[in-house]
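Student: Structure: model35.txt, compact mmCIF, C-alpha atoms.
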```txt
# COMPACT_ATOMS: atom_id res chain seq x y z
CA MET D 19 19.81 -10.51 -6.46
CA SER D 20 19.25 -7.08 -8.00
CA LYS D 21 17.10 -8.57 -10.75
CA PHE D 22 15.06 -10.46 -8.16
CA LEU D 23 14.43 -7.25 -6.20
CA ASP D 24 13.46 -5.49 -9.42
CA ARG D 25 10.85 -8.15 -10.09
CA VAL D 26 9.56 -7.92 -6.53
CA ALA D 27 9.31 -4.14 -6.95
CA ASP D 28 7.47 -4.59 -10.25
CA ALA D 29 5.03 -6.94 -8.54
CA GLY D 30 4.79 -4.63 -5.52
CA GLY D 31 1.35 -3.29 -6.38
CA ILE D 32 -0.14 -6.77 -6.73
CA LEU D 33 1.67 -8.04 -3.63
CA TYR D 34 0.48 -5.01 -1.66
CA VAL D 35 -3.17 -5.68 -2.45
CA LEU D 36 -2.87 -9.41 -1.74
CA LEU D 37 -0.88 -9.04 1.46
CA VAL D 38 -2.87 -6.17 2.96
CA PHE D 39 -6.26 -7.64 2.08
CA GLY D 40 -5.20 -11.12 3.09
CA GLY D 41 -3.50 -9.91 6.24
CA TYR D 42 -5.93 -7.33 7.55
CA VAL D 43 -9.33 -8.12 6.06
CA PHE D 44 -9.24 -11.88 6.55
CA LEU D 45 -6.92 -12.37 9.52
CA VAL D 46 -6.78 -9.21 11.66
CA ALA D 47 -10.17 -7.52 11.25
CA PRO D 48 -12.24 -10.37 12.79
CA PHE D 49 -10.39 -9.85 16.09
CA MET D 50 -10.97 -6.09 16.20
CA PRO D 51 -14.24 -4.35 17.21
CA GLU D 52 -16.25 -2.98 14.29
CA SER D 53 -17.18 0.19 16.19
CA LEU D 54 -15.67 2.25 18.99
CA ASP D 55 -18.91 4.08 19.80
CA SER D 56 -19.32 1.98 22.94
CA PRO D 57 -16.10 1.44 24.94
CA ASP D 58 -17.72 -1.39 26.89
CA ALA D 59 -18.78 -3.18 23.69
CA ALA D 60 -15.30 -2.78 22.18
CA PHE D 61 -13.73 -4.11 25.38
CA ALA D 62 -16.12 -7.07 25.45
CA HIS D 63 -15.29 -7.88 21.80
CA LEU D 64 -11.57 -8.04 22.58
CA GLN D 65 -12.26 -10.26 25.58
CA ALA D 66 -14.29 -12.63 23.40
CA HIS D 67 -11.72 -12.65 20.57
CA PRO D 68 -8.20 -13.00 22.03
CA PRO D 69 -5.43 -12.87 19.39
CA THR D 70 -4.39 -16.17 17.86
CA THR D 71 -1.62 -17.27 15.52
CA ALA D 72 -3.80 -16.20 12.59
CA PHE D 73 -4.00 -12.67 13.99
CA TRP D 74 -0.24 -12.34 14.34
CA ALA D 75 0.28 -13.80 10.87
CA GLY D 76 -2.08 -11.14 9.55
CA ILE D 77 -0.08 -8.38 11.23
CA TRP D 78 3.12 -9.61 9.58
CA LEU D 79 1.42 -9.93 6.19
CA GLU D 80 0.05 -6.40 6.42
CA GLY D 81 3.46 -5.04 7.38
CA ALA D 82 5.06 -6.87 4.45
CA GLY D 83 2.43 -5.42 2.13
CA LEU D 84 3.21 -1.88 3.27
CA ALA D 85 6.93 -2.51 2.72
CA VAL D 86 6.51 -3.75 -0.86
CA LEU D 87 4.31 -0.74 -1.63
CA VAL D 88 7.34 1.44 -0.92
CA LEU D 89 9.44 -0.68 -3.31
CA PHE D 90 6.70 -0.32 -5.92
CA ALA D 91 6.62 3.45 -5.51
CA ALA D 92 10.41 3.56 -5.79
CA ARG D 93 10.25 1.57 -9.01
CA ILE D 94 7.86 4.01 -10.67
CA ALA D 95 9.73 7.02 -9.27
CA ALA D 96 12.93 5.65 -10.80
CA ARG D 97 11.27 5.51 -14.23
CA ILE D 98 10.25 9.16 -13.94
CA ARG D 99 13.73 10.11 -12.69
CA THR D 100 15.25 8.40 -15.73
CA ALA D 101 13.00 10.43 -18.01
CA GLN D 102 13.95 13.68 -16.22
CA PRO D 103 17.26 13.31 -14.33
CA GLY D 104 17.71 15.55 -11.33
CA TRP D 105 14.03 16.41 -10.93
CA TRP D 106 12.82 16.80 -7.35
CA LEU D 107 9.36 15.28 -7.88
CA PRO D 108 10.29 11.54 -7.89
CA SER D 109 12.17 11.93 -4.61
CA ALA D 110 9.26 13.84 -3.08
CA ALA D 111 6.81 11.13 -4.17
CA LEU D 112 9.00 8.42 -2.69
CA GLY D 113 9.34 10.40 0.53
CA LEU D 114 5.54 10.55 0.87
CA ALA D 115 5.31 6.80 0.20
CA VAL D 116 7.83 6.10 2.96
CA ALA D 117 5.99 8.46 5.31
CA ALA D 118 2.65 6.75 4.59
CA SER D 119 4.02 3.30 5.39
CA THR D 120 5.83 4.60 8.46
CA VAL D 121 2.65 6.16 9.84
CA LYS D 122 0.63 3.00 9.23
CA ILE D 123 3.23 0.64 10.66
CA GLY D 124 3.68 3.00 13.61
CA SER D 125 -0.06 2.79 14.25
CA PHE D 126 0.33 -0.91 14.96
CA ALA D 127 1.77 -0.01 18.38
CA PRO D 128 -1.36 1.51 19.99
CA GLY D 129 -3.55 -1.11 18.31
CA LEU D 130 -1.48 -3.94 19.73
CA ALA D 131 -1.23 -2.23 23.11
CA ALA D 132 -5.03 -2.21 23.25
CA LEU D 133 -4.94 -6.00 23.33
CA GLU D 134 -3.53 -5.88 26.88
CA ILE D 135 -7.05 -5.92 28.26
CA ASP D 136 -5.97 -7.47 31.55
CA ARG D 137 -4.13 -4.24 32.42
CA LEU D 138 -6.47 -1.68 30.82
CA ASP D 139 -10.01 -0.44 31.28
CA ALA D 140 -12.58 -0.02 28.51
CA GLN D 141 -11.89 3.71 28.03
CA SER D 142 -8.13 3.21 27.71
CA VAL D 143 -8.63 0.44 25.16
CA THR D 144 -10.94 2.65 23.10
CA THR D 145 -8.46 5.52 23.22
CA LEU D 146 -5.65 3.33 21.92
CA LEU D 147 -7.81 1.90 19.14
CA SER D 148 -8.93 5.41 18.21
CA ALA D 149 -5.28 6.41 17.79
CA ASN D 150 -4.82 3.40 15.53
CA ASP D 151 -7.84 4.40 13.44
CA ALA D 152 -6.69 8.02 13.16
CA ALA D 153 -3.49 6.87 11.48
CA VAL D 154 -5.54 5.32 8.66
CA GLY D 155 -6.68 8.75 7.52
CA VAL D 156 -3.18 10.22 7.75
CA SER D 157 -1.54 7.38 5.87
CA GLY D 158 -4.37 7.44 3.31
CA ALA D 159 -3.77 11.12 2.63
CA LEU D 160 -0.05 10.48 2.22
CA ASP D 161 -0.80 7.58 -0.13
CA GLY D 162 -2.94 9.88 -2.22
CA GLY D 163 -0.15 12.45 -2.25
CA PHE D 164 2.57 10.14 -3.49
CA VAL D 165 0.40 8.60 -6.21
CA LEU D 166 -0.75 12.06 -7.29
CA LEU D 167 2.85 13.23 -7.64
CA LEU D 168 3.78 10.11 -9.61
CA GLY D 169 0.85 10.72 -11.95
CA LEU D 170 1.76 14.37 -12.47
CA GLY D 171 5.40 13.48 -13.05
CA ALA D 172 4.62 10.74 -15.54
CA LEU D 173 2.25 12.99 -17.48
CA ALA D 174 4.83 15.77 -17.55
CA VAL D 175 7.99 13.92 -18.57
CA GLY D 176 7.07 10.29 -19.27
CA GLY D 177 8.24 7.10 -17.65
CA LEU D 178 4.79 5.55 -17.99
CA PRO D 179 2.43 5.36 -20.98
CA ARG D 180 -0.04 8.22 -21.09
CA TRP D 181 -3.04 6.06 -20.19
CA LEU D 182 -1.28 4.68 -17.13
CA ALA D 183 -0.05 8.12 -16.10
CA ALA D 184 -3.66 9.36 -16.32
CA LEU D 185 -4.86 6.40 -14.23
CA THR D 186 -2.14 7.15 -11.67
CA LEU D 187 -3.25 10.77 -11.44
CA ALA D 188 -6.90 9.73 -11.09
CA ALA D 189 -6.02 7.20 -8.38
CA GLY D 190 -4.11 9.83 -6.41
CA LEU D 191 -6.98 12.31 -6.65
CA GLY D 192 -9.50 9.62 -5.73
CA GLN D 193 -7.49 8.56 -2.69
CA ALA D 194 -7.09 12.15 -1.51
CA LEU D 195 -10.80 12.89 -1.98
CA SER D 196 -11.83 9.72 -0.16
CA VAL D 197 -9.93 10.95 2.90
CA ALA D 198 -11.09 14.57 2.68
CA VAL D 199 -14.76 13.75 1.98
CA PRO D 200 -16.00 10.65 3.85
CA ALA D 201 -19.02 10.40 1.53
CA LEU D 202 -16.59 9.70 -1.33
CA ASP D 203 -14.87 6.86 0.50
CA SER D 204 -15.54 4.47 -2.40
CA LEU D 205 -13.06 6.44 -4.52
CA SER D 206 -10.28 4.83 -2.49
CA LEU D 207 -10.87 1.70 -4.58
CA LEU D 208 -9.13 3.49 -7.45
CA PHE D 209 -5.91 3.25 -5.45
CA PHE D 210 -6.11 -0.54 -5.39
CA VAL D 211 -7.11 -0.72 -9.05
CA TRP D 212 -4.12 1.45 -9.95
CA ALA D 213 -1.76 -0.70 -7.89
CA LEU D 214 -2.92 -3.86 -9.66
CA VAL D 215 -2.91 -2.37 -13.18
CA ALA D 216 0.41 -0.53 -12.87
CA SER D 217 2.11 -3.55 -11.32
CA GLY D 218 0.75 -5.81 -14.05
CA TRP D 219 2.00 -3.43 -16.72
CA LEU D 220 5.49 -3.34 -15.20
CA LEU D 221 5.67 -7.12 -15.02
CA VAL D 222 4.49 -7.61 -18.60
CA ARG D 223 6.67 -4.85 -20.02
CA ASP D 224 9.83 -6.01 -18.27
CA SER D 225 9.16 -9.59 -19.31
CA ARG D 226 8.97 -8.49 -22.93
CA THR D 227 12.08 -6.32 -22.82
CA ALA D 228 14.02 -9.10 -21.09
CA ARG D 229 13.44 -11.52 -23.94
CA PRO D 230 16.59 -12.14 -25.94
CA VAL D 231 16.52 -10.95 -29.50
CA PRO D 232 16.97 -13.93 -31.85
CA GLU D 233 20.08 -13.80 -33.94
CA PRO D 234 19.53 -13.64 -37.70
CA ALA D 235 20.07 -16.88 -39.56
CA LEU D 236 23.36 -17.27 -41.34
CA THR D 237 23.20 -17.09 -45.12
CA THR D 238 25.55 -18.64 -47.56
```
Please, can you express the file's structure as structure tokens?

Tutor:
Amino acid sequence: MSKFLDRVADAGGILYVLLVFGGYVFLVAPFMPESLDSPDAAFAHLQAHPPTTAFWAGIWLEGAGLAVLVLFAARIAARIRTAQPGWWLPSAALGLAVAASTVKIGSFAPGLAALEIDRLDAQSVTTLLSANDAAVGVSGALDGGFVLLLGLGALAVGGLPRWLAALTLAAGLGQALSVAVPALDSLSLLFFVWALVASGWLLVRDSRTARPVPEPALTT
């Protein structure tokens, strides 16, 4: 069981991208209004697009993606902790990863409450959806923070190859800048690239190290 969880954690970056994109972009987003500038338009969109089984499946997939991201962060933090036992940084990075997922999952509540359009007016719906949107920036900043710490830690003491540690640092900076400067929003793509590359490296590396070493042939 432990080995299975290790492999899931190694694949966490890839699973995160697949589950979040598959869950939100393809299944949840079509049911949500694109803009909240007009409360009446947002309300009308929700009336015209009531949630279906696909929507609820997307919510569960997105939540699962956020959970495996935490496992992925823990996996990398453990590698840094092994390189420098007792250091505070891996625990701090993992704490930020947990906080990011908690904020995002917590934001599901106002978003789902906004679907109760039979009991709400247009302004109340917009307020709830605005609260949901605000959490994206907060969780994004926390994501940038935990990846930044992992990159700094790996560059300082090891645990990852230098090129991957540098990519981790760049992804953390890019994510943080994309939140702080809306014009640089495209930098957030580095976060997803890092998740895919780092997860792929973990899977390949652990597959290689798990291979049994062939015993030398007996000689007579």

Student: Go through D:Ala188, D:Tyr42, D:Gly218, D:Arg99 one by one, measure the shortest atom-to-atom distance of each to Gly76 of chain D using all atoms listed in the file, and give the residue with the smallest value.

Tutor: D:Tyr42

Student: For a quick check of understanding, using all atoms listed in the file, which of D:Leu166, D:Ala118, D:Ala82, D:Val197 has the smallest distance to Phe39 of chain D?

Tutor: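 Closest to Phe39 of chain D of all the choices is D:Ala82.
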
Student: How many Å lie between atom CA of Pro68 of chain D and atom CA of Ala85 of chain D, rounded to one decimal?

Tutor: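 These atoms are spaced 26.7 Å apart.
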
Student: Tell me, as an NGL selection string, which residues lie within 10 Å of Asp203 of chain D, counting all atoms listed in the file; anything in the same chain fewer than 6 positions away does not count.

Tutor: :D and (192-197)

Student: Return the single residue from D:Leu130, D:Gly190, D:Asp55, D:Ser217 that is closest to Val26 of chain D, with distances computed using only C-alpha atoms.

Tutor: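 Nearest to Val26 of chain D: D:Ser217.
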
Student: So which one's closest to Gly31 of chain D, D:Ala189, D:Val43, D:Leu79, D:Leu89? Using all atoms listed in the file, please.

Tutor: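 Of D:Ala189, D:Val43, D:Leu79, D:Leu89, the one nearest Gly31 of chain D is D:Leu89, counting all atoms listed in the file.
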
Student: What's the separation between atom CA of Ala72 of chain D and atom CA of Val121 of chain D, in Å to one decimal place?

Tutor: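 Atom CA of Val121 of chain D lies at a distance of 23.4 Å from atom CA of Ala72 of chain D.
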
Student: Just the number, please: distance in Å from atom CA of Pro200 of chain D to atom CA of Leu187 of chain D, one decimal.

Tutor: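 One can read the atom CA of Pro200 of chain D to atom CA of Leu187 of chain D distance as 19.9 Å.
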
Student: So which residues touch Pro128 of chain D within 7 Å, counting only C-alpha atoms, skipping near sequence neighbours fewer than 2 positions away, as a list in words?

Tutor: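 What passes the distance filter is Ser125, Phe126, Leu130, Ala131, Ala132, Leu146, Leu147, Ala149 and Asn150 of chain D.
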
Student: Nearest to Gln102 of chain D among D:Val86, D:Val154, D:Ala172, D:Leu54, with distances taken over only C-alpha atoms: which residue is it?

Tutor: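 Of all the options, D:Ala172 lies closest to Gln102 of chain D.
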
Student: Could you check which of D:Ala62, D:Leu178, D:Ala91, D:Leu133 is closest to Ala29 of chain D, using only C-alpha atoms?

Tutor: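 Of D:Ala62, D:Leu178, D:Ala91, D:Leu133, the one nearest Ala29 of chain D, counting only C-alpha atoms, is D:Ala91.
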
Student: Near Val165 of chain D, counting all atoms listed in the file, which residues have an atom at most 12 Å away, once you skip same-chain residues fewer than 6 positions from it, shown as a count of residues only?

Tutor: 41

Student: List as a list in words the protein and nucleic acid residues near Pro103 of chain D, meaning an atom at most 12 Å away when only C-alpha atoms are counted, but skip any in the same chain fewer than 6 places from it.

Tutor: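 Skipping anything fewer than 6 positions along the chain leaves Ala95, Ala96, Arg97, Ser109, Gly171, Val175, Gly176 and Gly177 of chain D.
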
Student: Contacts of Leu221 of chain D at 12 Å or less, counting all atoms listed in the file, minus same-chain residues fewer than 5 places along, as a list in words?

Tutor: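 Listing them by chain and then by number gives Asp24, Arg25, Val26, Ala27, Asp28, Ala29, Gly30, Gly31, Ile32, Phe90, Arg93, Leu214, Val215, Ala216, Arg226, Thr227 and Ala228 of chain D.
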
Student: Just need segment 118-153 of chain D in a file, please: N, CA and C atoms, as a JSON list (two decimals), in the first residue's frame.

Tutor:
```json
[["chain", "number", "residue", "atom", "x", "y", "z"],
["D", 118, "ALA", "N", -3.04, 26.14, 0.41],
["D", 118, "ALA", "CA", -3.54, 26.47, -0.92],
["D", 118, "ALA", "C", -4.73, 25.59, -1.30],
["D", 119, "SER", "N", -4.58, 24.29, -1.07],
["D", 119, "SER", "CA", -5.68, 23.37, -1.40],
["D", 119, "SER", "C", -6.89, 23.60, -0.51],
["D", 120, "THR", "N", -6.64, 23.91, 0.75],
["D", 120, "THR", "CA", -7.74, 24.16, 1.68],
["D", 120, "THR", "C", -8.54, 25.39, 1.26],
["D", 121, "VAL", "N", -7.83, 26.44, 0.87],
["D", 121, "VAL", "CA", -8.51, 27.66, 0.44],
["D", 121, "VAL", "C", -9.35, 27.39, -0.81],
["D", 122, "LYS", "N", -8.76, 26.67, -1.76],
["D", 122, "LYS", "CA", -9.48, 26.41, -3.02],
["D", 122, "LYS", "C", -10.68, 25.50, -2.79],
["D", 123, "ILE", "N", -10.49, 24.44, -2.02],
["D", 123, "ILE", "CA", -11.62, 23.54, -1.76],
["D", 123, "ILE", "C", -12.70, 24.27, -0.94],
["D", 124, "GLY", "N", -12.25, 25.12, -0.01],
["D", 124, "GLY", "CA", -13.20, 25.90, 0.78],
["D", 124, "GLY", "C", -14.01, 26.85, -0.08],
["D", 125, "SER", "N", -13.40, 27.29, -1.20],
["D", 125, "SER", "CA", -14.12, 28.22, -2.08],
["D", 125, "SER", "C", -15.24, 27.54, -2.86],
["D", 126, "PHE", "N", -15.25, 26.21, -2.83],
["D", 126, "PHE", "CA", -16.35, 25.51, -3.49],
["D", 126, "PHE", "C", -17.69, 25.88, -2.85],
["D", 127, "ALA", "N", -17.68, 26.11, -1.53],
["D", 127, "ALA", "CA", -18.92, 26.35, -0.80],
["D", 127, "ALA", "C", -19.71, 27.54, -1.33],
["D", 128, "PRO", "N", -19.12, 28.75, -1.41],
["D", 128, "PRO", "CA", -19.92, 29.86, -1.95],
["D", 128, "PRO", "C", -20.28, 29.66, -3.42],
["D", 129, "GLY", "N", -19.39, 29.01, -4.19],
["D", 129, "GLY", "CA", -19.71, 28.77, -5.59],
["D", 129, "GLY", "C", -20.91, 27.86, -5.75],
["D", 130, "LEU", "N", -20.95, 26.81, -4.92],
["D", 130, "LEU", "CA", -22.08, 25.88, -4.99],
["D", 130, "LEU", "C", -23.36, 26.51, -4.43],
["D", 131, "ALA", "N", -23.17, 27.34, -3.40],
["D", 131, "ALA", "CA", -24.35, 28.02, -2.83],
["D", 131, "ALA", "C", -25.01, 28.94, -3.85],
["D", 132, "ALA", "N", -24.18, 29.50, -4.75],
["D", 132, "ALA", "CA", -24.72, 30.40, -5.77],
["D", 132, "ALA", "C", -25.65, 29.68, -6.74],
["D", 133, "LEU", "N", -25.58, 28.36, -6.77],
["D", 133, "LEU", "CA", -26.44, 27.61, -7.67],
["D", 133, "LEU", "C", -27.89, 27.55, -7.19],
["D", 134, "GLU", "N", -28.12, 27.94, -5.93],
["D", 134, "GLU", "CA", -29.48, 27.93, -5.37],
["D", 134, "GLU", "C", -30.24, 29.15, -5.85],
["D", 135, "ILE", "N", -30.40, 29.25, -7.15],
["D", 135, "ILE", "CA", -30.98, 30.48, -7.72],
["D", 135, "ILE", "C", -32.46, 30.65, -7.39],
["D", 136, "ASP", "N", -33.11, 29.58, -7.00],
["D", 136, "ASP", "CA", -34.53, 29.71, -6.64],
["D", 136, "ASP", "C", -34.72, 30.48, -5.34],
["D", 137, "ARG", "N", -33.67, 30.53, -4.52],
["D", 137, "ARG", "CA", -33.77, 31.20, -3.21],
["D", 137, "ARG", "C", -32.93, 32.46, -3.12],
["D", 138, "LEU", "N", -32.28, 32.85, -4.24],
["D", 138, "LEU", "CA", -31.38, 34.00, -4.22],
["D", 138, "LEU", "C", -31.75, 34.98, -5.33],
["D", 139, "ASP", "N", -31.32, 36.24, -5.14],
["D", 139, "ASP", "CA", -31.49, 37.21, -6.21],
["D", 139, "ASP", "C", -30.17, 37.35, -6.96],
["D", 140, "ALA", "N", -30.18, 38.12, -8.03],
["D", 140, "ALA", "CA", -29.01, 38.24, -8.90],
["D", 140, "ALA", "C", -27.80, 38.79, -8.15],
["D", 141, "GLN", "N", -28.01, 39.78, -7.27],
["D", 141, "GLN", "CA", -26.89, 40.38, -6.55],
["D", 141, "GLN", "C", -26.27, 39.40, -5.56],
["D", 142, "SER", "N", -27.09, 38.61, -4.89],
["D", 142, "SER", "CA", -26.56, 37.62, -3.94],
["D", 142, "SER", "C", -25.75, 36.55, -4.66],
["D", 143, "VAL", "N", -26.25, 36.12, -5.82],
["D", 143, "VAL", "CA", -25.53, 35.12, -6.61],
["D", 143, "VAL", "C", -24.16, 35.66, -7.02],
["D", 144, "THR", "N", -24.13, 36.90, -7.48],
["D", 144, "THR", "CA", -22.87, 37.51, -7.92],
["D", 144, "THR", "C", -21.89, 37.65, -6.75],
["D", 145, "THR", "N", -22.40, 37.99, -5.59],
["D", 145, "THR", "CA", -21.55, 38.13, -4.41],
["D", 145, "THR", "C", -20.90, 36.79, -4.05],
["D", 146, "LEU", "N", -21.68, 35.73, -4.08],
["D", 146, "LEU", "CA", -21.15, 34.40, -3.77],
["D", 146, "LEU", "C", -20.12, 33.96, -4.80],
["D", 147, "LEU", "N", -20.39, 34.20, -6.06],
["D", 147, "LEU", "CA", -19.44, 33.82, -7.10],
["D", 147, "LEU", "C", -18.17, 34.68, -7.03],
["D", 148, "SER", "N", -18.31, 35.92, -6.60],
["D", 148, "SER", "CA", -17.14, 36.78, -6.43],
["D", 148, "SER", "C", -16.24, 36.26, -5.32],
["D", 149, "ALA", "N", -16.85, 35.74, -4.25],
["D", 149, "ALA", "CA", -16.07, 35.15, -3.16],
["D", 149, "ALA", "C", -15.32, 33.91, -3.66],
["D", 150, "ASN", "N", -15.98, 33.15, -4.50],
["D", 150, "ASN", "CA", -15.34, 31.98, -5.09],
["D", 150, "ASN", "C", -14.14, 32.39, -5.95],
["D", 151, "ASP", "N", -14.31, 33.43, -6.76],
["D", 151, "ASP", "CA", -13.23, 33.91, -7.62],
["D", 151, "ASP", "C", -12.07, 34.47, -6.82],
["D", 152, "ALA", "N", -12.38, 35.16, -5.71],
["D", 152, "ALA", "CA", -11.32, 35.76, -4.90],
["D", 152, "ALA", "C", -10.38, 34.69, -4.34],
["D", 153, "ALA", "N", -10.93, 33.52, -4.07],
["D", 153, "ALA", "CA", -10.10, 32.44, -3.52],
["D", 153, "ALA", "C", -9.06, 31.95, -4.52]]
```
